[in-house]
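J.: Take a look at data_37.txt, compact mmCIF, C-alpha atoms:
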```txt
# COMPACT_ATOMS: atom_id res chain seq x y z
CA MET C 1 -61.27 -70.10 81.21
CA LYS C 2 -57.53 -69.41 81.52
CA ASN C 3 -58.22 -66.42 83.79
CA ASN C 4 -60.42 -68.58 85.99
CA ILE C 5 -57.60 -71.12 86.36
CA VAL C 6 -55.13 -68.37 87.32
CA GLN C 7 -57.60 -66.99 89.88
CA LEU C 8 -58.12 -70.48 91.30
CA GLU C 9 -54.35 -71.00 91.59
CA ASN C 10 -53.96 -67.65 93.38
CA PHE C 11 -56.82 -68.55 95.70
CA GLN C 12 -55.20 -71.89 96.52
CA LYS C 13 -51.92 -70.17 97.34
CA LYS C 14 -53.54 -67.87 99.88
CA THR C 15 -52.25 -68.67 103.36
CA PRO C 16 -54.28 -68.42 106.60
CA TYR C 17 -52.18 -65.36 107.44
CA ASP C 18 -53.05 -63.77 104.07
CA SER C 19 -56.73 -64.45 104.66
CA LEU C 20 -56.69 -62.89 108.12
CA LYS C 21 -54.73 -59.88 106.89
CA GLU C 22 -57.27 -59.41 104.09
CA ILE C 23 -60.26 -59.70 106.46
CA PHE C 24 -58.82 -57.11 108.84
CA ASN C 25 -57.16 -54.87 106.26
CA GLU C 26 -59.37 -51.86 107.04
CA ASP C 27 -58.87 -52.24 110.80
CA LEU C 28 -55.11 -52.67 110.33
CA ASN C 29 -55.04 -49.34 108.51
CA LYS C 30 -56.84 -47.79 111.50
CA VAL C 31 -54.28 -49.35 113.83
CA GLU C 32 -51.47 -47.84 111.77
CA GLU C 33 -53.04 -44.37 111.79
CA PHE C 34 -53.72 -44.52 115.52
CA THR C 35 -50.14 -45.66 116.18
CA LYS C 36 -48.72 -42.77 114.19
CA LEU C 37 -50.94 -40.36 116.11
CA LYS C 38 -49.81 -41.73 119.47
CA LEU C 39 -46.12 -41.63 118.53
CA SER C 40 -46.18 -38.02 117.32
CA SER C 41 -43.56 -35.96 119.09
CA GLU C 42 -42.06 -32.49 119.06
CA VAL C 43 -38.65 -34.19 118.99
CA ASP C 44 -37.88 -34.71 115.29
CA LEU C 45 -35.57 -37.67 115.85
CA ILE C 46 -38.31 -39.64 117.63
CA GLY C 47 -40.58 -39.13 114.63
CA LYS C 48 -37.90 -40.25 112.19
CA MET C 49 -37.08 -43.36 114.18
CA ALA C 50 -40.75 -44.23 114.74
CA ASN C 51 -41.48 -43.99 111.01
CA TYR C 52 -38.40 -46.05 110.21
CA GLN C 53 -39.16 -48.74 112.77
CA LEU C 54 -42.87 -49.05 111.96
CA GLY C 55 -42.22 -48.98 108.23
CA SER C 56 -39.77 -51.87 108.32
CA GLY C 57 -42.19 -54.40 106.84
CA GLY C 58 -43.25 -56.50 109.83
CA LYS C 59 -46.15 -58.91 109.56
CA ARG C 60 -48.30 -57.16 112.20
CA LEU C 61 -49.29 -60.64 113.36
CA ARG C 62 -49.86 -59.56 116.96
CA SER C 63 -52.23 -56.81 115.81
CA ILE C 64 -54.12 -59.32 113.69
CA LEU C 65 -54.47 -61.65 116.69
CA THR C 66 -55.94 -58.85 118.82
CA LEU C 67 -58.43 -57.96 116.09
CA ALA C 68 -59.31 -61.60 115.38
CA SER C 69 -59.86 -62.40 119.05
CA SER C 70 -62.10 -59.36 119.44
CA ASN C 71 -64.06 -60.50 116.41
CA ILE C 72 -64.69 -64.11 117.47
CA ASN C 73 -65.76 -62.75 120.87
CA GLU C 74 -68.18 -60.35 119.14
CA TYR C 75 -66.71 -57.22 120.70
CA LYS C 76 -68.29 -53.98 119.48
CA GLY C 77 -66.26 -50.82 119.91
CA GLU C 78 -62.96 -49.11 119.06
CA HIS C 79 -60.71 -50.27 121.90
CA ASN C 80 -59.64 -53.31 119.87
CA ILE C 81 -57.94 -50.88 117.47
CA HIS C 82 -56.23 -49.07 120.35
CA LEU C 83 -55.01 -52.28 122.00
CA ALA C 84 -53.86 -53.79 118.71
CA ALA C 85 -51.65 -50.70 118.37
CA CYS C 86 -50.53 -51.13 121.98
CA VAL C 87 -49.51 -54.77 121.50
CA GLU C 88 -47.62 -53.91 118.32
CA LEU C 89 -45.81 -51.06 120.08
CA ILE C 90 -44.68 -53.38 122.87
CA HIS C 91 -43.29 -55.67 120.19
CA SER C 92 -41.55 -52.81 118.37
CA ALA C 93 -40.00 -51.60 121.63
CA THR C 94 -38.58 -55.06 122.34
CA LEU C 95 -37.09 -55.18 118.84
CA LEU C 96 -35.32 -51.87 119.39
CA HIS C 97 -33.91 -53.18 122.67
CA ASP C 98 -33.10 -56.62 121.22
CA ASP C 99 -31.04 -55.17 118.40
CA VAL C 100 -28.90 -53.28 120.90
CA ILE C 101 -28.41 -56.33 123.12
CA ASP C 102 -27.58 -58.59 120.16
CA ASN C 103 -25.49 -55.99 118.31
CA SER C 104 -27.69 -56.66 115.28
CA LEU C 105 -26.84 -54.89 112.05
CA VAL C 106 -29.80 -55.86 109.85
CA ARG C 107 -33.47 -56.62 110.44
CA ARG C 108 -35.90 -57.45 107.63
CA GLY C 109 -33.33 -56.47 105.04
CA LYS C 110 -32.74 -52.98 106.45
CA LYS C 111 -30.13 -51.50 108.75
CA THR C 112 -31.24 -51.62 112.37
CA SER C 113 -32.06 -48.37 114.15
CA ASN C 114 -29.08 -48.75 116.48
CA VAL C 115 -26.73 -48.89 113.48
CA ILE C 116 -28.16 -45.65 112.09
CA TRP C 117 -28.82 -43.65 115.26
CA GLY C 118 -26.81 -45.43 117.94
CA ASN C 119 -27.54 -47.69 120.91
CA GLN C 120 -28.47 -44.97 123.38
CA THR C 121 -31.10 -43.42 121.12
CA SER C 122 -32.56 -46.85 120.26
CA ILE C 123 -32.98 -47.73 123.92
CA LEU C 124 -34.62 -44.39 124.72
CA VAL C 125 -37.00 -44.52 121.76
CA GLY C 126 -37.93 -48.08 122.76
CA ASP C 127 -38.74 -46.71 126.21
CA TYR C 128 -40.81 -43.96 124.57
CA PHE C 129 -42.84 -46.61 122.72
CA LEU C 130 -43.53 -48.41 126.02
CA SER C 131 -44.54 -45.15 127.72
CA ARG C 132 -47.08 -44.50 124.97
CA CYS C 133 -48.38 -48.05 125.42
CA PHE C 134 -49.18 -47.45 129.05
CA GLU C 135 -50.89 -44.19 128.12
CA ILE C 136 -53.12 -46.12 125.68
CA MET C 137 -53.92 -48.75 128.32
CA VAL C 138 -54.93 -46.09 130.83
CA ASP C 139 -57.19 -44.44 128.24
CA VAL C 140 -58.90 -47.79 127.53
CA GLY C 141 -59.79 -47.87 131.21
CA SER C 142 -59.62 -51.60 131.90
CA LEU C 143 -57.66 -52.47 135.03
CA GLU C 144 -57.61 -56.12 133.91
CA ILE C 145 -55.95 -55.26 130.58
CA LEU C 146 -53.56 -52.81 132.23
CA LYS C 147 -52.46 -55.55 134.64
CA LEU C 148 -52.22 -58.13 131.82
CA LEU C 149 -50.02 -56.06 129.51
CA SER C 150 -47.92 -54.69 132.37
CA ASN C 151 -47.17 -58.25 133.49
CA ILE C 152 -46.34 -59.26 129.94
CA SER C 153 -43.88 -56.38 129.57
CA ALA C 154 -42.13 -57.60 132.73
CA GLU C 155 -42.20 -61.18 131.46
CA ILE C 156 -40.55 -60.20 128.18
CA ALA C 157 -37.76 -58.46 130.09
CA GLN C 158 -37.27 -61.54 132.27
CA GLY C 159 -37.00 -63.67 129.14
CA GLU C 160 -34.27 -61.40 127.82
CA VAL C 161 -32.31 -61.72 131.05
CA LEU C 162 -32.79 -65.50 131.11
CA GLN C 163 -31.42 -65.71 127.56
CA LEU C 164 -28.39 -63.62 128.53
CA GLN C 165 -27.87 -65.83 131.57
CA HIS C 166 -27.55 -68.88 129.30
CA LYS C 167 -25.60 -67.17 126.52
CA LYS C 168 -23.14 -69.51 124.75
CA GLU C 169 -24.47 -72.58 126.61
CA VAL C 170 -25.05 -75.06 123.78
CA ASP C 171 -25.88 -77.77 126.31
CA ILE C 172 -28.95 -76.05 127.77
CA THR C 173 -32.09 -78.16 128.00
CA GLU C 174 -35.07 -77.77 125.71
CA GLN C 175 -37.10 -76.76 128.75
CA VAL C 176 -34.85 -73.76 129.39
CA TYR C 177 -35.14 -72.82 125.72
CA LEU C 178 -38.95 -73.09 125.93
CA ASN C 179 -38.98 -70.92 129.05
CA ILE C 180 -36.95 -68.27 127.21
CA ILE C 181 -39.10 -68.16 124.06
CA THR C 182 -42.34 -68.36 126.04
CA GLN C 183 -41.38 -65.28 128.01
CA LYS C 184 -39.65 -63.36 125.20
CA THR C 185 -42.05 -64.11 122.34
CA ALA C 186 -45.04 -66.31 123.09
CA SER C 187 -46.31 -64.37 126.11
CA LEU C 188 -47.17 -61.36 123.94
CA PHE C 189 -49.00 -63.59 121.44
CA GLY C 190 -51.02 -64.92 124.36
CA ALA C 191 -51.78 -61.43 125.65
CA ALA C 192 -52.85 -60.27 122.18
CA MET C 193 -55.47 -63.04 122.10
CA LYS C 194 -56.62 -62.64 125.70
CA VAL C 195 -57.20 -58.90 125.21
CA GLY C 196 -60.15 -59.68 122.91
CA GLY C 197 -61.75 -61.80 125.60
CA CYS C 198 -61.19 -59.11 128.22
CA LEU C 199 -62.81 -56.45 126.04
CA ALA C 200 -65.84 -58.68 125.47
CA ASN C 201 -66.11 -59.62 129.18
CA LYS C 202 -65.81 -63.34 128.48
CA SER C 203 -65.54 -66.02 131.16
CA GLU C 204 -62.22 -66.91 132.76
CA ASN C 205 -62.17 -70.26 130.93
CA GLU C 206 -62.70 -68.53 127.59
CA LYS C 207 -59.95 -65.99 128.30
CA LYS C 208 -57.59 -68.80 129.34
CA ALA C 209 -58.41 -70.66 126.11
CA LEU C 210 -57.62 -67.56 124.04
CA GLN C 211 -54.33 -67.06 125.88
CA SER C 212 -53.45 -70.74 125.44
CA TYR C 213 -53.99 -70.44 121.69
CA GLY C 214 -51.75 -67.38 121.53
CA VAL C 215 -48.93 -68.67 123.74
CA ASN C 216 -48.69 -71.98 121.87
CA LEU C 217 -48.92 -70.20 118.52
CA GLY C 218 -46.06 -67.94 119.65
CA ILE C 219 -43.94 -70.97 120.51
CA VAL C 220 -44.59 -72.42 117.04
CA PHE C 221 -43.75 -69.05 115.47
CA GLN C 222 -40.41 -68.83 117.28
CA ILE C 223 -39.43 -72.44 116.58
CA SER C 224 -40.22 -71.93 112.89
CA ASP C 225 -38.19 -68.71 112.91
CA ASP C 226 -35.25 -70.59 114.43
CA ILE C 227 -35.63 -73.34 111.81
CA LEU C 228 -35.65 -70.82 108.97
CA ASP C 229 -32.28 -69.46 110.03
CA TYR C 230 -30.71 -72.82 109.18
CA ASN C 231 -33.08 -73.93 106.43
CA SER C 232 -33.80 -70.96 104.16
CA THR C 233 -32.00 -68.40 102.02
CA LYS C 234 -33.93 -65.53 103.56
CA THR C 235 -36.08 -64.97 106.62
CA PHE C 236 -37.57 -61.52 107.20
CA GLY C 237 -34.75 -60.16 105.07
CA LYS C 238 -31.87 -61.62 107.07
CA ASP C 239 -29.37 -63.97 105.47
CA ILE C 240 -29.26 -67.61 106.48
CA GLY C 241 -27.13 -68.18 109.56
CA ASN C 242 -27.80 -64.78 111.12
CA ASP C 243 -28.56 -66.38 114.50
CA PHE C 244 -25.39 -68.45 114.21
CA TYR C 245 -23.21 -65.41 113.50
CA GLU C 246 -24.78 -63.61 116.49
CA GLY C 247 -24.08 -66.65 118.70
CA LYS C 248 -27.72 -67.33 119.58
CA ILE C 249 -28.51 -70.74 121.03
CA THR C 250 -31.74 -71.79 119.35
CA LEU C 251 -33.62 -75.08 119.07
CA PRO C 252 -31.73 -76.39 115.98
CA ILE C 253 -28.43 -75.98 117.85
CA ILE C 254 -29.81 -77.55 121.03
CA ILE C 255 -31.15 -80.57 119.11
CA LEU C 256 -27.92 -80.82 117.10
CA PHE C 257 -25.84 -80.87 120.29
CA GLN C 258 -28.07 -83.61 121.72
CA LYS C 259 -27.71 -85.81 118.64
CA SER C 260 -24.01 -85.22 117.94
CA ASN C 261 -21.11 -87.47 118.92
CA GLU C 262 -18.43 -86.37 121.39
CA ASN C 263 -16.08 -84.89 118.78
CA GLU C 264 -18.88 -82.99 117.09
CA ARG C 265 -20.05 -81.60 120.43
CA GLU C 266 -16.60 -80.25 121.21
CA GLU C 267 -16.53 -78.57 117.81
CA ILE C 268 -19.96 -77.01 118.30
CA LYS C 269 -18.98 -75.75 121.77
CA LYS C 270 -15.86 -74.14 120.35
CA TYR C 271 -17.85 -72.26 117.70
CA PHE C 272 -20.15 -70.65 120.27
CA ILE C 273 -17.48 -69.88 122.85
CA ASN C 274 -15.67 -67.75 120.27
CA GLU C 275 -16.66 -64.09 119.94
CA THR C 276 -17.15 -64.41 116.18
CA ARG C 277 -18.05 -67.23 113.81
CA THR C 278 -17.00 -67.79 110.19
CA GLU C 279 -18.75 -68.82 107.00
CA LYS C 280 -16.73 -72.04 107.02
CA GLU C 281 -18.00 -72.83 110.52
CA LEU C 282 -21.58 -72.16 109.42
CA SER C 283 -21.12 -74.60 106.54
CA LYS C 284 -19.94 -77.22 109.01
CA ILE C 285 -22.97 -76.61 111.25
CA LEU C 286 -25.32 -76.87 108.26
CA SER C 287 -23.78 -80.18 107.20
CA LEU C 288 -24.18 -81.54 110.75
CA ILE C 289 -27.78 -80.34 110.87
CA LYS C 290 -28.46 -82.23 107.66
CA LYS C 291 -26.57 -85.32 108.87
CA HIS C 292 -28.63 -85.57 112.08
CA ASP C 293 -31.97 -84.62 110.46
CA VAL C 294 -32.29 -81.73 112.92
CA ILE C 295 -34.84 -79.70 110.93
CA ASN C 296 -37.40 -82.51 110.92
CA VAL C 297 -36.89 -83.07 114.65
CA CYS C 298 -37.54 -79.37 115.29
CA LYS C 299 -40.68 -79.47 113.15
CA LYS C 300 -41.94 -82.44 115.18
CA ARG C 301 -41.49 -80.37 118.33
CA ALA C 302 -43.45 -77.51 116.75
CA GLU C 303 -46.28 -79.83 115.71
CA TYR C 304 -47.11 -80.57 119.34
CA PHE C 305 -47.61 -76.89 120.13
CA SER C 306 -49.59 -76.40 116.90
CA ASN C 307 -52.07 -79.04 118.02
CA VAL C 308 -52.41 -77.51 121.49
CA SER C 309 -52.86 -74.06 119.95
CA SER C 310 -55.55 -75.17 117.50
CA ASP C 311 -57.44 -77.25 120.06
CA SER C 312 -57.61 -74.30 122.45
CA LEU C 313 -60.16 -72.60 120.19
CA ASN C 314 -62.55 -75.56 120.05
CA ILE C 315 -64.79 -74.04 122.73
CA PHE C 316 -65.64 -71.10 120.46
CA LYS C 317 -68.34 -71.27 117.81
CA ASP C 318 -67.28 -72.00 114.24
CA SER C 319 -66.48 -69.11 111.90
CA ASP C 320 -64.13 -68.32 109.03
CA ILE C 321 -61.89 -66.37 111.39
CA LYS C 322 -61.69 -69.24 113.89
CA LYS C 323 -60.88 -71.64 111.02
CA ASN C 324 -58.10 -69.35 109.74
CA LEU C 325 -56.65 -69.00 113.24
CA GLN C 326 -56.55 -72.77 113.69
CA GLU C 327 -55.00 -73.30 110.26
CA LEU C 328 -52.44 -70.58 111.02
CA SER C 329 -50.96 -72.65 113.84
CA PHE C 330 -50.10 -75.43 111.36
CA TYR C 331 -49.10 -73.15 108.49
CA LEU C 332 -46.40 -71.50 110.61
CA ILE C 333 -44.43 -74.76 110.92
CA ASN C 334 -43.56 -74.82 107.23
CA ARG C 335 -43.62 -71.12 106.41
CA THR C 336 -40.85 -69.87 104.15
CA ASN C 337 -40.63 -66.26 105.33
```
Give the structure from the file, written as structure tokens.

T.:
Amino acid sequence: MKNNIVQLENFQKKTPYDSLKEIFNEDLNKVEEFTKLKLSSEVDLIGKMANYQLGSGGKRLRSILTLASSNINEYKGEHNIHLAACVELIHSATLLHDDVIDNSLVRRGKKTSNVIWGNQTSILVGDYFLSRCFEIMVDVGSLEILKLLSNISAEIAQGEVLQLQHKKEVDITEQVYLNIITQKTASLFGAAMKVGGCLANKSENEKKALQSYGVNLGIVFQISDDILDYNSTKTFGKDIGNDFYEGKITLPIIILFQKSNENEREEIKKYFINETRTEKELSKILSLIKKHDVINVCKKRAEYFSNVSSDSLNIFKDSDIKKNLQELSFYLINRTN
């Protein structure tokens, strides 16, 4: 009886993400093997960096979305494995580039590749990942998917530039912030979902619905990630306040600036104009965030996109995978890692 209770408790603790990862565990292993095969190189350093980057403990959420979308669209074939690898490689390439741009030292509790091997090598290996992606897309043979993922790669780059353009601007609007995270993060989530519809030759409305789910899920994911940086002891292995120390203007800071009085705004501006920020300044920001109930305001913003994301899948027939995908959009708001 005791064992049954323990099993029930473990079952109740299973998140929608855990369920999806379990369902697609075998396919995820195939994605990993295919990725390793595609990244093989006669240049030893590329192999070392690829193994280090891909073994850094990411959630593989974009791969899961590609596999889940292919499943609910009843696609039969192997290209879902290939494109799941492709989507994940695009993501890994952007992380390599991001860490150089942000001068990041740690990601998911490990030293970043640029710290170990230098900025130049990180940029070039990121480019190598993208080159392999395009090779995979060509092999799949779908002009629609090639165009989709090519456009997304360009959109991600535009998001990076837009973020740099507004660096240190604590008074940017929420709309600008949403434009940045939609391009940088959410667009790839949307593409990962739409790929499944493309493979299964679904209607334009169905493909748009899949993309809508993914884009809005990506927005929720990024908002929750931004929340965690000011509301958790750890997030993907980085200490609390990592975004603050790097000078990133995220939704909690934007909301805080909106709700603060004139003196507080001047103080916040000063922190982000400076090249570096201190632990004492972080403590002040955290106290202001608590004072103005910023975390709950951010969660309210995320809830809107969760609802849009979940509703986007209503046109598809019911299944366990569809249910888990819809629940995932709400789970992400309050995730702890």

J.: My list of candidates is C:Ile72, C:Ile136, C:Leu130, C:Leu146. Which is closest to C:Leu37 when distances are computed with all atoms listed in the file?

T.: C:Ile136

J.: From (-55.4, -70.1, 112.0), in the file's coordinates, out to 10 Å: which residues are reached, counting all atoms listed in the file? Answer as a VMD selection string.

T.: chain C and resid 15 to 17 19 to 20 65 68 213 217 306 309 to 310 313 320 to 332

J.: Measure the distance from atom CA of C:Asp226 to atom CA of C:Thr250 in Å and round it to one decimal.

T.: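 Answer for the atom CA of C:Asp226 to atom CA of C:Thr250 separation: 6.2 Å.
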
J.: So which residues are close to (-41.9, -45.5, 116.5), meaning at most 10 Å away in the file's coordinates with only C-alpha atoms counted, and can you show them as a PyMOL selection string?

T.: chain C and resi 35-36+38-40+46-55+89+92-93+96+125-126+128-129+132

J.: Rounded to one decimal place, report the atom CA of C:Val31-atom CA of C:Glu78 distance in Å.

T.: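 Atom-to-atom, atom CA of C:Val31 and atom CA of C:Glu78 are spaced 10.1 Å apart.
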
J.: Quick one: of C:Gly190, C:Pro252, C:Gly141, C:Gly77, who's nearest to C:Ser312, counting all atoms listed in the file?

T.: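 Under the stated criterion, the closest residue is C:Gly190.
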
J.: When you count all atoms listed in the file, which of these residues is closest to C:Asn274: C:Glu262, C:Lys167, C:Val140, C:Val220?

T.: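 Counting all atoms listed in the file, the residue closest to C:Asn274 is C:Lys167.
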
J.: Choose the residue, out of C:Phe134, C:Phe34, C:Phe221, C:Tyr245, that has the smallest atom-to-atom separation from C:Arg62; count all atoms listed in the file.

T.: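 Result for the nearest residue to C:Arg62: C:Phe221.
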
J.: Measuring between all atoms listed in the file, which one of C:Phe305, C:Gln165, C:Leu83, C:Thr185 shows the shortest distance to C:Val138?

T.: C:Leu83

J.: Taking all atoms listed in the file into account, which of C:Ile333, C:Ile90, C:Ile180, C:Leu199 comes nearest C:Glu144?

T.: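 Nearest to C:Glu144: C:Leu199.
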
J.: Rounded to one decimal in Å, what is the spacing between atom CA of C:Asn103 and atom CA of C:Ile172?

T.: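 Taking atom CA of C:Asn103 as the start and atom CA of C:Ile172 as the end point, the length is 22.4 Å.
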
J.: Quick one: residues within 9 Å of C:Leu178, only C-alpha atoms counted, chain neighbours fewer than 5 positions away excluded, as a short mmCIF file (atom, residue, chain, number, x, y, z; two decimals) with C-alpha atoms, in the frame of the given file?

T.:
```cif
data_model
loop_
_atom_site.label_atom_id
_atom_site.label_comp_id
_atom_site.auth_asym_id
_atom_site.auth_seq_id
_atom_site.Cartn_x
_atom_site.Cartn_y
_atom_site.Cartn_z
CA THR C 173 -32.09 -78.16 128.00
CA GLN C 183 -41.38 -65.28 128.01
CA ILE C 219 -43.94 -70.97 120.51
CA LEU C 251 -33.62 -75.08 119.07
#
```
